[in-house]
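**Q** Shown below is the structure under consideration.
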Amino acid sequence: MPRNLDLTALRSFVTVADMGGVTRASGALNLTQSAVSMQLKRLEEALGVGLMDRSARSIALTAAGEQLLGYARRMLSLNDEALSRMMDDQYEGEIIFGVPHDIVYPHIPRVLQTFNAAYPRMKVQLISSFTRALKRQFNAGECDLIITTESELAAGGEVLAEVPLIWVGAPGGSAWKQRPLRLAYETNCIFRRDVQKGLDEANIDWEMAVESNSTRTIEASVSADLAVHSMISGSEPPYFERVAHGGALPVLNTQMINLYVRNGAISEPVERISALLREAYAPSRSGG
């Protein structure tokens, strides 16, 4: 049957090793010298080895004591971390975070994972929608922070990155060669107007072949090579492919990825998730 090491005794052992003696360690631990000595003795008896070389004037570790010290530090660190996370109720509550559905990947899951490790008692409610809808919810006070994809920055916002919009289609597809060019867009997609304008300026005939409120419908239609679509560069899923049109289609506008934080929602956790978003998009901001 496995035995358990006494964490209290391990803490006394580490403190004695760090402070060079029982007297100093007892003061730091707020225990009597005899209590600390007794804990060390019980630890040695439990392990069946001597941990302290008491032959010299100052206490030194034996070879076994040196080996145990590293384990003891890690065990105490993990113990303290677990207690801090489970018992610290300083940061509890909920953050409502809005993200356009087409840029949830690749950054947002990693941001949420890192944030949860730092604030395990904070719940993050992720709202995935279109930029227009997210801004309406944000302005109504229904979101603590949102990121958006826009061609400009509104008051109170912060630009996280400026990223090109690209043409996407089915892997190995040919829908981009057809005329009129068949497009597939969600009804509320903020990109469609600029795309249509660019095609008109390039004198390319087009038709809205697929229009739906369902993102899945658009994805299925494009991946079936029934139409083409546009997305933020780097956010395209594996079942889409960048269209290598060689100039046959117009170059699309660069889009801003913007961050908006509600004034009343500013707190350390909100600041942390904002910082994680800045870090995530930093390579795009620097052109990487």
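In the structure tokens, the first chain shown is A, the next is B, and so on; residue numbers restart at 1 for each chain, and ligands run from 1 in the order shown.
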Could you write out, as a PyMOL selection string, all the residues of stretch 95-208 of chain A that DSSP marks as alpha helix (DSSP H)?

**A** chain A and resi 108-118+131-139+192-201

**Q** Give me the stretch 199-263 of chain A side of the contact with stretch 164-175 of chain A, cut-off 7 Å, one line per residue showing its nearest atom pair and distance in Å at one decimal, counting only C-alpha atoms, sorted by chain and residue number, as CSV.

**A**
```
residue,atom,partner,partner_atom,distance
A:Val222,CA,A:Gly169,CA,5.6
A:Ser223,CA,A:Ala170,CA,4.3
A:Ala224,CA,A:Ala170,CA,6.2
A:Asp225,CA,A:Ala170,CA,5.0
A:Leu226,CA,A:Ala175,CA,6.2
A:Ala227,CA,A:Ala175,CA,5.5
A:Val228,CA,A:Gly169,CA,4.9
A:His229,CA,A:Val168,CA,5.3
A:Ser230,CA,A:Trp167,CA,4.5
A:Met231,CA,A:Leu165,CA,5.5
A:Ile232,CA,A:Leu165,CA,4.7
A:Ser233,CA,A:Leu165,CA,5.7
A:Tyr239,CA,A:Pro171,CA,6.9
A:Phe240,CA,A:Ala170,CA,5.2
A:Glu241,CA,A:Pro171,CA,5.0
A:Arg242,CA,A:Val168,CA,4.5
A:Val243,CA,A:Val168,CA,5.2
A:Leu252,CA,A:Leu165,CA,5.5
A:Asn253,CA,A:Leu165,CA,5.9
A:Thr254,CA,A:Pro164,CA,4.1
A:Gln255,CA,A:Pro164,CA,5.9
```

**Q** Please indicate the distance in Å from atom CA of A:Leu47 to atom CA of A:Leu5, rounded to one decimal place.

**A**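 Spanning atom CA of A:Leu47 to atom CA of A:Leu5 is a straight-line distance of 8.7 Å.
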
**Q** Pull the closest atom pair for each residue of stretch 59-119 of chain A that gets at most 6 Å from stretch 50-55 of chain A, along with the distance in Å to one decimal, counting only C-alpha atoms, ordering rows by chain and then ascending residue number, as CSV.

**A**
```
residue,atom,partner,partner_atom,distance
A:Ile59,CA,A:Arg54,CA,5.5
A:Ala60,CA,A:Asp53,CA,5.1
A:Leu61,CA,A:Met52,CA,4.7
A:Thr62,CA,A:Leu51,CA,5.3
A:Ala64,CA,A:Leu51,CA,5.8
A:Gly65,CA,A:Leu51,CA,4.1
```

**Q** Hey, can you spit out that residue selection with C-alpha atoms as an mmCIF file, in the first residue's frame?

**A**
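The result, written out as result.cif:
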```cif
data_model
loop_
_atom_site.group_PDB
_atom_site.id
_atom_site.type_symbol
_atom_site.label_atom_id
_atom_site.label_comp_id
_atom_site.auth_asym_id
_atom_site.auth_seq_id
_atom_site.Cartn_x
_atom_site.Cartn_y
_atom_site.Cartn_z
ATOM 1 C CA ILE A 59 23.316 21.660 9.581
ATOM 2 C CA ALA A 60 24.161 20.277 6.146
ATOM 3 C CA LEU A 61 22.201 17.984 3.881
ATOM 4 C CA THR A 62 23.212 14.390 3.320
ATOM 5 C CA ALA A 64 19.668 11.654 0.446
ATOM 6 C CA GLY A 65 18.637 15.062 1.765
#
```

**Q** Given the choices A:Glu279, A:Glu186, A:Glu150, A:Glu158, which gets closest to A:Lys135 if the distance is worked out from only C-alpha atoms?

**A**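 Closest candidate: A:Glu150.
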
**Q** From stretch 4-176 of chain A, collect each residue whose DSSP state is strand (DSSP E or B) and return the set as a VMD selection string.

**A** chain A and resid 52 to 53 60 to 61 93 to 100 122 to 129 145 to 150 157 to 169
